[in-house]
Amino acid sequence: MPVWDDLVGQEKVSEQLEAAARDADALVTAVAADTQLPEASRMTHAWLFTGPPGSGRSTAARAFAAALQCVSPDRALGGVPGCGFCDGCHTSLIGTHSDVEIVRTDLLSIGVKETRDLVRRAQMSPAVGRWQVIVLEDADRLTEGAGNVLLKAVEEPAPRTVWLLCAPSIEDVLPTIRSRCRHLTLRTPPVAAVADILVRRDGIEPEVAAVAARATQGHVGRARRLATDPSARERRAAVLRLPLRIDDIGGCLKAAQELIDAASEDAKQMAEETDVKETDELKAALGASQGGRMPRGTAGVMKELEDKQKRRRTRTQRDSLDLALIDLTAFYRDVLALQFGTSLALANTEMQDTLERLARGTTPETTLRRIEAIAACREALDRNVAPLLAVEAMTMALRAG
C-alpha cells in the first residue's frame with residue numbers, strides 16, 4: 001500500500017507531500033537534462049512537521065523520505081511517488097536506506113557534536129537515491145548551540161539534500177531555522193480513524209481497538225500499545241484510581257510515591273534489554289576477554305556508555321510519568337464534560353459511574369483547578385523539579401480542589 005496510508009487522518013498533509021514529491025522528480029529530471037527548472041515548485045530543501053503527540057509527525061517525515069527515494073517502475077507512467085513496495089520505499093521506512101538518515105534520541109537533548117556529524121553527512125551527495133534525506137525526529141531537543149550549528153546547514157543547503165525536522169510546535173524550533181523551512185501542521189487523528197488502523201494493520205478486535213483509541217484520544221502509538229500490552233492497561237487503570245485515593249494527606253503522599261515508582265519500573269523494563277545489549281556489543285568491540293576482563297584504556301569508553309544509559313533512563317522515566325499525567329488530565333476532562341452536560345465523547349467510558357459520582361459531588365470550578373494542578377506538575381517536571389516533589393504538590397492540590 002502507498003506510504004501515505006500510514007498518515008492516519010492527515011489527508012491534507014498527504015496531498016501536499018505527494019505533490020512535493022512529484023515536483024522533486026521534476027527538479028531532478030530538469031537538472032539531469034540541463035533544462036529549465038519548473039516554476040512554482042512545491043519542493044524545497046527544508047521542512048518542519050509540527051503537531052500534538054500522536055499526530056504522526058515522524059511518520060509523515062518518513063513517508064515523505066520514502067516517496068523521495070521511490071524507484072517504482074510505475075512512476076515513469078505517471079504513478080504516485082511512494083508506492084510502499086519498492087526497495088527505495090521499503091528501506092527508507094525501516095531506516096536502512098543509505099541516503100536516508102533517521103535521527104531520534106532517548107536522551108534529554110541533542111548536542112553540538114551529534115549535530116555537526118549530521119551537517120557533515122548532509123554535505124555528501126546521494127549514494128544510490130535521488131536525494132540525501134535527514135529526518136530529525138526530535139528537533140525540539142536541540143540545544144541552543146546545536147540549533148546554531150544546524151542553522152548554517154539549512155541556510156546553505158547542499159544541492160541534493162533535504163532536511164525533515166519534527167517538533168511538537170513551531171515555537172520549539174529556533175526562529176531562524178523555522179523561517180527557512182516549509183511548515184506543515186498535523187492534527188490529532190480522529191478516534192474512529194485510529195481504531196480503524198488498529199483493526200486493519202494490527203489485527204486487534206474492533207471493541208478493544210475502539211476502547212484504546214478513545215482512551216488515548218487519537219494517539220496512534222499509545223493506542224497500539226494500550227491495545228496490545230496488558231501491563232500498559234494495568235498501569236493506566238492504576239493511574240485512574242488515583243483521584244479516589246487522596247482523601248487525606250497520607251493518601252496523597254502514598255499515591256505520589258506509587259506513581260513515581262510505577263514510572264521508574266516502566267523505564268527500567270524498557271531500558272533493561274537495550275542497556276544489556278549495548279554493553280555486550282561495546283565490550284565485544286573493545287576486545288573484552290572471555291572472562292569479561294576489559295583491556296587497558298577502555299574504562300573511559302565504558303563510563304561514557306553508562307552515563308548515556310543513565311540519561312536515557314531519566315528521559316524514559318519522565319516520559320512515562322508524563323503519559324500518566326495525560327491520562328489523569330483526560331479523567332478530569334471527562335468529569336468536566338459531565339458537569340457541563342456536553343455531548344463530548346468520554347475517553348474513559350469504562351469508569352462512567354465513578355466519573356458521574358465525582359461530577360455530582362464537585363463543581364466545574366473545582367475540576368478546572370485540578371486540571372490546572374496537573375498542568376502545573378507537567379510544567380514543573382519540564383523545569384527539572386524533583387519528580388517526587390512535583391507529584392506530591394500535585395496530589396495535595398487535587399485533594400484541596
# chains A, B, ... in the order shown; residues from 1 in each chain; ligands from 1

call {"tool": "residues_around", "arguments": {"residues": "segment 136-144 of chain A", "least_positions_apart": "6", "cutoff": "10 Å", "atoms": "only C-alpha atoms", "output": "ChimeraX atom specification"}}
result
/A:48-49,57-59,61-62,101-112,114-115,118,150,163-174

call {"tool": "write_last_selection", "arguments": {"atoms": "N, CA, C and O atoms", "output": "tab-separated table (two decimals), in the first residue's frame"}}
result
chain	number	residue	atom	x	y	z
A	48	LEU	N	9.41	21.48	8.10
A	48	LEU	CA	9.17	21.38	9.54
A	48	LEU	C	7.78	20.81	9.77
A	48	LEU	O	6.78	21.40	9.36
A	49	PHE	N	7.72	19.63	10.40
A	49	PHE	CA	6.47	18.95	10.71
A	49	PHE	C	6.13	19.20	12.18
A	49	PHE	O	6.92	18.83	13.06
A	57	ARG	N	3.96	12.99	13.36
A	57	ARG	CA	4.99	13.86	12.76
A	57	ARG	C	6.09	13.04	12.10
A	57	ARG	O	6.42	13.23	10.94
A	58	SER	N	6.68	12.12	12.88
A	58	SER	CA	7.79	11.33	12.33
A	58	SER	C	7.30	10.38	11.24
A	58	SER	O	8.04	10.09	10.29
A	59	THR	N	6.07	9.90	11.35
A	59	THR	CA	5.50	9.03	10.31
A	59	THR	C	5.38	9.79	9.00
A	59	THR	O	5.71	9.26	7.92
A	61	ALA	N	7.19	12.40	8.09
A	61	ALA	CA	8.54	12.66	7.59
A	61	ALA	C	9.12	11.42	6.93
A	61	ALA	O	9.73	11.49	5.85
A	62	ARG	N	8.92	10.26	7.54
A	62	ARG	CA	9.42	9.01	6.94
A	62	ARG	C	8.72	8.70	5.62
A	62	ARG	O	9.34	8.23	4.67
A	101	GLU	N	18.93	9.27	6.57
A	101	GLU	CA	19.43	9.22	7.95
A	101	GLU	C	18.29	9.61	8.89
A	101	GLU	O	17.78	10.74	8.83
A	102	ILE	N	17.85	8.68	9.73
A	102	ILE	CA	16.77	8.95	10.68
A	102	ILE	C	17.37	9.12	12.06
A	102	ILE	O	18.03	8.23	12.59
A	103	VAL	N	17.17	10.30	12.65
A	103	VAL	CA	17.80	10.65	13.91
A	103	VAL	C	16.72	10.80	14.98
A	103	VAL	O	15.79	11.59	14.84
A	104	ARG	N	16.83	9.99	16.03
A	104	ARG	CA	15.94	10.12	17.19
A	104	ARG	C	16.81	9.96	18.43
A	104	ARG	O	17.91	9.41	18.36
A	105	THR	N	16.32	10.44	19.54
A	105	THR	CA	17.11	10.31	20.77
A	105	THR	C	16.22	9.96	21.94
A	105	THR	O	15.06	10.39	22.01
A	106	ASP	N	16.77	9.15	22.85
A	106	ASP	CA	16.10	8.84	24.11
A	106	ASP	C	16.67	9.69	25.23
A	106	ASP	O	16.29	9.54	26.39
A	107	LEU	N	17.61	10.60	24.88
A	107	LEU	CA	18.25	11.43	25.88
A	107	LEU	C	17.49	12.74	26.05
A	107	LEU	O	16.51	13.00	25.35
A	108	LEU	N	17.96	13.55	26.98
A	108	LEU	CA	17.27	14.80	27.28
A	108	LEU	C	17.46	15.84	26.19
A	108	LEU	O	16.64	16.73	26.02
A	109	SER	N	18.56	15.75	25.44
A	109	SER	CA	18.83	16.76	24.42
A	109	SER	C	19.74	16.20	23.34
A	109	SER	O	20.35	15.13	23.49
A	110	ILE	N	19.83	16.94	22.24
A	110	ILE	CA	20.75	16.62	21.14
A	110	ILE	C	21.81	17.71	21.14
A	110	ILE	O	21.50	18.90	21.03
A	111	GLY	N	23.07	17.30	21.27
A	111	GLY	CA	24.15	18.26	21.45
A	111	GLY	C	24.82	18.69	20.16
A	111	GLY	O	24.45	18.28	19.05
A	112	VAL	N	25.84	19.52	20.34
A	112	VAL	CA	26.57	20.10	19.20
A	112	VAL	C	27.31	19.02	18.42
A	112	VAL	O	27.31	19.02	17.18
A	114	GLU	N	26.74	15.76	17.98
A	114	GLU	CA	25.86	14.96	17.12
A	114	GLU	C	25.36	15.76	15.93
A	114	GLU	O	25.26	15.25	14.82
A	115	THR	N	25.07	17.04	16.15
A	115	THR	CA	24.55	17.87	15.07
A	115	THR	C	25.62	18.13	14.02
A	115	THR	O	25.33	18.15	12.82
A	118	LEU	N	25.77	15.30	11.72
A	118	LEU	CA	24.67	15.34	10.75
A	118	LEU	C	24.95	16.32	9.63
A	118	LEU	O	24.67	16.04	8.46
A	150	LEU	N	22.98	23.67	13.19
A	150	LEU	CA	22.04	23.24	12.16
A	150	LEU	C	21.64	24.40	11.26
A	150	LEU	O	21.41	24.21	10.05
A	163	TRP	N	16.20	18.38	4.45
A	163	TRP	CA	16.07	18.28	5.91
A	163	TRP	C	14.60	18.16	6.27
A	163	TRP	O	13.78	18.96	5.83
A	164	LEU	N	14.26	17.16	7.09
A	164	LEU	CA	12.89	16.97	7.56
A	164	LEU	C	12.92	17.02	9.09
A	164	LEU	O	13.39	16.08	9.75
A	165	LEU	N	12.46	18.13	9.65
A	165	LEU	CA	12.50	18.35	11.09
A	165	LEU	C	11.13	18.13	11.70
A	165	LEU	O	10.12	18.54	11.12
A	166	CYS	N	11.08	17.51	12.87
A	166	CYS	CA	9.82	17.23	13.56
A	166	CYS	C	9.86	17.84	14.96
A	166	CYS	O	10.86	17.69	15.67
A	167	ALA	N	8.79	18.51	15.35
A	167	ALA	CA	8.71	19.13	16.67
A	167	ALA	C	7.24	19.27	17.06
A	167	ALA	O	6.37	19.34	16.19
A	168	PRO	N	6.94	19.32	18.37
A	168	PRO	CA	5.54	19.47	18.79
A	168	PRO	C	4.89	20.76	18.31
A	168	PRO	O	3.71	20.77	17.94
A	169	SER	N	5.63	21.86	18.31
A	169	SER	CA	5.07	23.13	17.86
A	169	SER	C	6.15	23.96	17.20
A	169	SER	O	7.36	23.69	17.38
A	170	ILE	N	5.74	24.97	16.48
A	170	ILE	CA	6.71	25.81	15.76
A	170	ILE	C	7.58	26.59	16.74
A	170	ILE	O	8.72	26.94	16.43
A	171	GLU	N	7.06	26.86	17.95
A	171	GLU	CA	7.82	27.60	18.95
A	171	GLU	C	8.97	26.78	19.53
A	171	GLU	O	9.85	27.34	20.20
A	172	ASP	N	8.97	25.46	19.31
A	172	ASP	CA	10.02	24.60	19.85
A	172	ASP	C	11.28	24.62	19.00
A	172	ASP	O	12.27	23.95	19.34
A	173	VAL	N	11.26	25.35	17.89
A	173	VAL	CA	12.41	25.43	16.98
A	173	VAL	C	12.86	26.88	16.89
A	173	VAL	O	12.04	27.80	16.93
A	174	LEU	N	14.16	27.09	16.78
A	174	LEU	CA	14.69	28.45	16.69
A	174	LEU	C	14.02	29.22	15.55
A	174	LEU	O	13.82	28.68	14.46

call {"tool": "residues_around", "arguments": {"residues": "segment 260-275 of chain A", "least_positions_apart": "3", "cutoff": "7 Å", "atoms": "only C-alpha atoms", "output": "MDAnalysis selection string"}}
result
chainID A and resid 256:257 278:279 309 313 316:317 320:321 388

call {"tool": "write_last_selection", "arguments": {"atoms": "all heavy atoms", "output": "short mmCIF file (atom, residue, chain, number, x, y, z; two decimals), in the first residue's frame"}}
result
data_model
loop_
_atom_site.label_atom_id
_atom_site.label_comp_id
_atom_site.auth_asym_id
_atom_site.auth_seq_id
_atom_site.Cartn_x
_atom_site.Cartn_y
_atom_site.Cartn_z
N ALA A 256 1.41 9.61 45.40
CA ALA A 256 2.50 10.24 44.64
C ALA A 256 3.69 9.29 44.53
O ALA A 256 4.29 9.14 43.45
CB ALA A 256 2.92 11.54 45.32
N GLN A 257 4.04 8.64 45.64
CA GLN A 257 5.18 7.72 45.62
C GLN A 257 4.92 6.55 44.68
O GLN A 257 5.81 6.13 43.93
CB GLN A 257 5.45 7.22 47.04
CG GLN A 257 6.69 6.33 47.15
CD GLN A 257 7.96 7.06 46.81
OE1 GLN A 257 8.34 8.01 47.48
NE2 GLN A 257 8.63 6.63 45.74
N GLU A 278 23.57 -3.15 24.45
CA GLU A 278 24.58 -2.14 24.13
C GLU A 278 25.89 -2.43 24.84
O GLU A 278 26.97 -2.33 24.24
CB GLU A 278 24.08 -0.75 24.54
CG GLU A 278 23.08 -0.13 23.59
CD GLU A 278 22.66 1.26 24.04
OE1 GLU A 278 22.94 1.61 25.20
OE2 GLU A 278 22.05 1.98 23.23
N THR A 279 25.80 -2.79 26.11
CA THR A 279 27.01 -3.06 26.89
C THR A 279 27.77 -4.25 26.34
O THR A 279 29.01 -4.21 26.19
CB THR A 279 26.65 -3.29 28.37
OG1 THR A 279 25.95 -2.15 28.88
CG2 THR A 279 27.90 -3.52 29.20
N GLN A 309 23.36 5.79 29.15
CA GLN A 309 22.23 4.95 29.54
C GLN A 309 21.49 5.55 30.72
O GLN A 309 20.25 5.47 30.80
CB GLN A 309 22.73 3.54 29.86
CG GLN A 309 23.24 2.78 28.64
CD GLN A 309 23.90 1.47 29.00
OE1 GLN A 309 24.26 1.24 30.16
NE2 GLN A 309 24.07 0.59 28.03
N ARG A 313 17.55 6.58 30.78
CA ARG A 313 16.57 6.10 31.75
C ARG A 313 15.83 7.27 32.39
O ARG A 313 14.62 7.19 32.65
CB ARG A 313 17.27 5.26 32.83
CG ARG A 313 17.62 3.86 32.38
CD ARG A 313 17.99 2.97 33.56
NE ARG A 313 19.22 3.42 34.19
CZ ARG A 313 20.43 3.01 33.85
NH1 ARG A 313 20.59 2.16 32.86
NH2 ARG A 313 21.50 3.46 34.49
N THR A 316 13.29 8.41 29.87
CA THR A 316 12.20 7.44 29.74
C THR A 316 11.27 7.52 30.95
O THR A 316 10.04 7.43 30.81
CB THR A 316 12.76 6.01 29.61
OG1 THR A 316 13.67 5.97 28.50
CG2 THR A 316 11.65 5.02 29.35
N GLN A 317 11.84 7.70 32.14
CA GLN A 317 11.01 7.82 33.34
C GLN A 317 10.13 9.06 33.26
O GLN A 317 8.93 9.01 33.58
CB GLN A 317 11.89 7.90 34.59
CG GLN A 317 11.08 8.05 35.88
CD GLN A 317 11.95 8.22 37.11
OE1 GLN A 317 13.17 8.19 37.01
NE2 GLN A 317 11.34 8.42 38.25
N SER A 320 7.33 8.44 30.78
CA SER A 320 6.32 7.55 31.35
C SER A 320 5.45 8.29 32.35
O SER A 320 4.22 8.13 32.37
CB SER A 320 7.00 6.35 32.01
OG SER A 320 6.05 5.49 32.58
N LEU A 321 6.07 9.12 33.17
CA LEU A 321 5.32 9.91 34.15
C LEU A 321 4.41 10.92 33.45
O LEU A 321 3.26 11.13 33.86
CB LEU A 321 6.30 10.62 35.09
CG LEU A 321 5.70 11.41 36.26
CD1 LEU A 321 4.81 10.53 37.11
CD2 LEU A 321 6.82 12.02 37.10
N LEU A 388 9.33 13.51 42.53
CA LEU A 388 8.50 13.19 43.69
C LEU A 388 7.92 14.47 44.30
O LEU A 388 6.74 14.51 44.68
CB LEU A 388 9.31 12.42 44.72
CG LEU A 388 8.54 11.99 45.98
CD1 LEU A 388 7.34 11.11 45.60
CD2 LEU A 388 9.45 11.26 46.96
#

call {"tool": "closest_residue", "arguments": {"among": "A:Leu286, A:Ala375, A:Ala400, A:Val71", "to": "Asp248 of chain A", "atoms": "only C-alpha atoms"}}
result
A:Ala400

call {"tool": "atom_distance", "arguments": {"atom1": "atom CA of Gly82 of chain A", "atom2": "atom CA of Ala65 of chain A"}}
result
8.8 Å

call {"tool": "residues_around", "arguments": {"residues": "Leu389 of chain A", "least_positions_apart": "6", "cutoff": "12 Å", "atoms": "only C-alpha atoms", "output": "PyMOL selection string"}}
result
chain A and resi 252-253+256-257+259-260+377-378+380-381+395-396

call {"tool": "select_by_dssp", "arguments": {"residues": "segment 113-198 of chain A", "states": "helix (DSSP H, G or I)", "output": "ChimeraX atom specification"}}
result
/A:113-122,139-141,144-155,170-172,175-178,191-198

call {"tool": "residues_around", "arguments": {"residues": "segment 193-203 of chain A", "least_positions_apart": "3", "cutoff": "12 Å", "atoms": "only C-alpha atoms", "output": "VMD selection string"}}
result
chain A and resid 1 5 to 11 54 to 56 188 to 190 206 to 228

call {"tool": "write_last_selection", "arguments": {"atoms": "C-alpha atoms", "output": "PDB file, in the first residue's frame"}}
result
ATOM      1  CA  MET A   1       0.000   0.000   0.000  1.00  0.00           C
ATOM      2  CA  ASP A   5      -1.707   5.303   4.089  1.00  0.00           C
ATOM      3  CA  ASP A   6       0.414   5.429   7.252  1.00  0.00           C
ATOM      4  CA  LEU A   7      -0.709   9.028   7.879  1.00  0.00           C
ATOM      5  CA  VAL A   8      -3.864   8.476   9.892  1.00  0.00           C
ATOM      6  CA  GLY A   9      -6.382  11.282   9.439  1.00  0.00           C
ATOM      7  CA  GLN A  10      -3.892  13.595   7.673  1.00  0.00           C
ATOM      8  CA  GLU A  11      -5.393  13.784   4.178  1.00  0.00           C
ATOM      9  CA  GLY A  54       0.414  11.073  18.402  1.00  0.00           C
ATOM     10  CA  SER A  55      -0.389  13.123  15.308  1.00  0.00           C
ATOM     11  CA  GLY A  56       2.246  11.275  13.295  1.00  0.00           C
ATOM     12  CA  THR A 188      -4.791  14.876  16.216  1.00  0.00           C
ATOM     13  CA  PRO A 189      -6.262  11.933  14.254  1.00  0.00           C
ATOM     14  CA  PRO A 190      -9.980  11.191  14.728  1.00  0.00           C
ATOM     15  CA  PRO A 206     -12.785  -3.876  16.984  1.00  0.00           C
ATOM     16  CA  GLU A 207     -14.079  -3.476  20.555  1.00  0.00           C
ATOM     17  CA  VAL A 208     -10.562  -3.407  22.040  1.00  0.00           C
ATOM     18  CA  ALA A 209      -9.362  -1.044  19.309  1.00  0.00           C
ATOM     19  CA  ALA A 210     -12.251   1.343  19.933  1.00  0.00           C
ATOM     20  CA  VAL A 211     -11.582   1.459  23.684  1.00  0.00           C
ATOM     21  CA  ALA A 212      -7.834   2.025  23.181  1.00  0.00           C
ATOM     22  CA  ALA A 213      -8.353   4.756  20.564  1.00  0.00           C
ATOM     23  CA  ARG A 214     -10.908   6.543  22.735  1.00  0.00           C
ATOM     24  CA  ALA A 215      -8.768   6.263  25.877  1.00  0.00           C
ATOM     25  CA  THR A 216      -5.713   7.791  24.168  1.00  0.00           C
ATOM     26  CA  GLN A 217      -7.753  10.432  22.324  1.00  0.00           C
ATOM     27  CA  GLY A 218      -6.306   9.682  18.902  1.00  0.00           C
ATOM     28  CA  HIS A 219      -2.655   8.974  19.796  1.00  0.00           C
ATOM     29  CA  VAL A 220      -1.805   6.132  17.388  1.00  0.00           C
ATOM     30  CA  GLY A 221       1.313   4.840  19.139  1.00  0.00           C
ATOM     31  CA  ARG A 222      -0.190   4.871  22.631  1.00  0.00           C
ATOM     32  CA  ALA A 223      -3.408   3.299  21.360  1.00  0.00           C
ATOM     33  CA  ARG A 224      -1.460   0.437  19.788  1.00  0.00           C
ATOM     34  CA  ARG A 225       0.496  -0.171  22.981  1.00  0.00           C
ATOM     35  CA  LEU A 226      -2.621   0.013  25.135  1.00  0.00           C
ATOM     36  CA  ALA A 227      -4.426  -2.470  22.894  1.00  0.00           C
ATOM     37  CA  THR A 228      -1.555  -4.973  22.748  1.00  0.00           C
TER      38      THR A 228
END

call {"tool": "closest_residue", "arguments": {"among": "A:Ala386, A:Ala158, A:Ala122, A:Ile246", "to": "Arg318 of chain A", "atoms": "only C-alpha atoms"}}
result
A:Ala386

call {"tool": "atom_distance", "arguments": {"atom1": "atom CA of Arg369 of chain A", "atom2": "atom CA of Gly401 of chain A"}}
result
6.3 Å

call {"tool": "select_by_dssp", "arguments": {"residues": "segment 178-282 of chain A", "states": "strand (DSSP E or B)", "output": "ChimeraX atom specification"}}
result
/A:182-185

call {"tool": "write_last_selection", "arguments": {"atoms": "N, CA, C and O atoms", "output": "tab-separated table (two decimals), in the first residue's frame"}}
result
chain	number	residue	atom	x	y	z
A	182	ARG	N	9.67	24.92	5.16
A	182	ARG	CA	8.24	24.89	4.81
A	182	ARG	C	7.51	24.16	5.93
A	182	ARG	O	7.88	23.05	6.30
A	183	HIS	N	6.50	24.79	6.47
A	183	HIS	CA	5.86	24.30	7.68
A	183	HIS	C	4.59	23.52	7.34
A	183	HIS	O	3.74	24.00	6.59
A	184	LEU	N	4.46	22.34	7.91
A	184	LEU	CA	3.25	21.53	7.79
A	184	LEU	C	2.73	21.21	9.19
A	184	LEU	O	3.48	20.72	10.04
A	185	THR	N	1.46	21.49	9.42
A	185	THR	CA	0.85	21.24	10.73
A	185	THR	C	-0.05	20.01	10.65
A	185	THR	O	-0.95	19.95	9.81

call {"tool": "atom_distance", "arguments": {"atom1": "atom CA of Asp23 of chain A", "atom2": "atom CA of Trp47 of chain A"}}
result
14.6 Å

call {"tool": "closest_residue", "arguments": {"among": "A:Lys303, A:Arg75, A:Asn148, A:His45", "to": "Cys181 of chain A", "atoms": "only C-alpha atoms"}}
result
A:His45

call {"tool": "residues_around", "arguments": {"residues": "Ala19 of chain A", "least_positions_apart": "6", "cutoff": "12 Å", "atoms": "only C-alpha atoms", "output": "PyMOL selection string"}}
result
chain A and resi 4+12-13+25-26+40-44+64+67-68+79-82

call {"tool": "write_last_selection", "arguments": {"atoms": "all heavy atoms", "output": "compact mmCIF listing (two decimals), in the first residue's frame"}}
result
# COMPACT_ATOMS: atom_id res chain seq x y z
N TRP A 4 1.56 6.85 2.02
CA TRP A 4 0.67 7.87 2.57
C TRP A 4 -0.44 7.26 3.43
O TRP A 4 -1.04 7.96 4.24
CB TRP A 4 0.05 8.70 1.44
CG TRP A 4 1.07 9.13 0.44
CD1 TRP A 4 1.15 8.73 -0.86
CD2 TRP A 4 2.18 10.01 0.64
NE1 TRP A 4 2.22 9.31 -1.48
CE2 TRP A 4 2.88 10.10 -0.59
CE3 TRP A 4 2.65 10.73 1.74
CZ2 TRP A 4 4.02 10.89 -0.73
CZ3 TRP A 4 3.78 11.51 1.59
CH2 TRP A 4 4.46 11.59 0.37
N LYS A 12 -4.95 16.18 4.15
CA LYS A 12 -4.43 17.41 3.56
C LYS A 12 -2.91 17.39 3.50
O LYS A 12 -2.30 17.77 2.48
CB LYS A 12 -4.90 18.62 4.38
CG LYS A 12 -4.48 19.96 3.80
CD LYS A 12 -5.04 21.11 4.62
CE LYS A 12 -4.60 22.45 4.04
NZ LYS A 12 -5.13 23.59 4.83
N VAL A 13 -2.27 16.95 4.56
CA VAL A 13 -0.81 16.86 4.59
C VAL A 13 -0.32 15.86 3.56
O VAL A 13 0.68 16.10 2.86
CB VAL A 13 -0.32 16.48 6.00
CG1 VAL A 13 1.17 16.15 6.00
CG2 VAL A 13 -0.61 17.61 6.98
N ASP A 25 10.69 15.04 -8.32
CA ASP A 25 11.06 14.28 -9.51
C ASP A 25 11.36 15.21 -10.68
O ASP A 25 12.33 15.03 -11.42
CB ASP A 25 9.92 13.33 -9.90
CG ASP A 25 10.01 12.01 -9.16
OD1 ASP A 25 10.96 11.84 -8.40
OD2 ASP A 25 9.12 11.17 -9.34
N ALA A 26 10.48 16.21 -10.84
CA ALA A 26 10.65 17.15 -11.95
C ALA A 26 11.95 17.93 -11.81
O ALA A 26 12.65 18.19 -12.80
CB ALA A 26 9.46 18.10 -12.02
N ALA A 40 7.38 27.65 -9.72
CA ALA A 40 6.44 27.45 -8.61
C ALA A 40 6.48 26.01 -8.08
O ALA A 40 5.44 25.38 -7.87
CB ALA A 40 5.03 27.82 -9.03
N SER A 41 7.69 25.49 -7.89
CA SER A 41 7.82 24.13 -7.38
C SER A 41 7.35 24.06 -5.93
O SER A 41 7.59 24.97 -5.13
CB SER A 41 9.28 23.68 -7.48
OG SER A 41 9.45 22.42 -6.84
N ARG A 42 6.66 22.98 -5.60
CA ARG A 42 6.23 22.76 -4.23
C ARG A 42 7.26 22.00 -3.41
O ARG A 42 7.02 21.64 -2.27
CB ARG A 42 4.89 22.01 -4.24
CG ARG A 42 3.71 22.87 -4.65
CD ARG A 42 2.53 22.06 -5.14
NE ARG A 42 2.83 21.40 -6.42
CZ ARG A 42 1.92 20.79 -7.18
NH1 ARG A 42 0.67 20.75 -6.78
NH2 ARG A 42 2.27 20.22 -8.32
N MET A 43 8.41 21.75 -4.02
CA MET A 43 9.51 21.07 -3.33
C MET A 43 10.50 22.09 -2.80
O MET A 43 10.77 23.11 -3.44
CB MET A 43 10.22 20.11 -4.30
CG MET A 43 11.36 19.34 -3.69
SD MET A 43 10.83 18.34 -2.27
CE MET A 43 12.40 17.78 -1.65
N THR A 44 11.00 21.85 -1.59
CA THR A 44 12.02 22.71 -1.01
C THR A 44 13.00 21.86 -0.22
O THR A 44 12.77 20.65 -0.02
CB THR A 44 11.38 23.78 -0.11
OG1 THR A 44 12.38 24.72 0.29
CG2 THR A 44 10.75 23.16 1.12
N PHE A 64 7.44 10.82 3.54
CA PHE A 64 7.95 11.75 2.53
C PHE A 64 9.34 11.32 2.08
O PHE A 64 9.66 11.37 0.87
CB PHE A 64 7.97 13.16 3.10
CG PHE A 64 8.29 14.23 2.09
CD1 PHE A 64 7.81 14.16 0.79
CD2 PHE A 64 9.08 15.31 2.45
CE1 PHE A 64 8.10 15.16 -0.14
CE2 PHE A 64 9.38 16.31 1.54
CZ PHE A 64 8.89 16.23 0.23
N ALA A 67 8.92 8.51 -0.31
CA ALA A 67 8.42 8.97 -1.60
C ALA A 67 9.54 9.61 -2.43
O ALA A 67 9.60 9.44 -3.66
CB ALA A 67 7.28 9.97 -1.41
N LEU A 68 10.45 10.32 -1.77
CA LEU A 68 11.57 10.94 -2.48
C LEU A 68 12.54 9.89 -3.03
O LEU A 68 13.21 10.12 -4.04
CB LEU A 68 12.32 11.89 -1.54
CG LEU A 68 11.57 13.15 -1.10
CD1 LEU A 68 12.40 13.93 -0.10
CD2 LEU A 68 11.21 14.02 -2.29
N GLY A 79 2.76 7.30 -12.16
CA GLY A 79 2.32 6.76 -10.88
C GLY A 79 2.67 7.69 -9.73
O GLY A 79 3.57 8.52 -9.83
N VAL A 80 1.98 7.52 -8.61
CA VAL A 80 2.20 8.37 -7.43
C VAL A 80 3.50 7.96 -6.74
O VAL A 80 3.72 6.77 -6.49
CB VAL A 80 1.02 8.24 -6.44
CG1 VAL A 80 1.29 9.06 -5.19
CG2 VAL A 80 -0.27 8.68 -7.11
N PRO A 81 4.40 8.90 -6.42
CA PRO A 81 5.60 8.56 -5.66
C PRO A 81 5.22 8.01 -4.29
O PRO A 81 4.29 8.49 -3.65
CB PRO A 81 6.33 9.91 -5.52
CG PRO A 81 5.74 10.79 -6.58
CD PRO A 81 4.33 10.33 -6.76
N GLY A 82 5.96 7.00 -3.86
CA GLY A 82 5.69 6.42 -2.54
C GLY A 82 4.80 5.20 -2.65
O GLY A 82 3.80 5.10 -1.93

call {"tool": "closest_residue", "arguments": {"among": "A:Asp334, A:Asp327, A:Glu392, A:Asp382", "to": "Leu368 of chain A", "atoms": "only C-alpha atoms"}}
result
A:Asp334

call {"tool": "closest_residue", "arguments": {"among": "A:Thr366, A:Lys277, A:Ala237, A:Gly147", "to": "Lys113 of chain A", "atoms": "only C-alpha atoms"}}
result
A:Gly147

call {"tool": "residues_around", "arguments": {"residues": "Lys152 of chain A", "least_positions_apart": "4", "cutoff": "10 Å", "atoms": "only C-alpha atoms", "output": "list of chain:residue names"}}
result
A:Val119, A:Gly147, A:Asn148, A:Glu156, A:Pro157, A:Thr176, A:Ile177
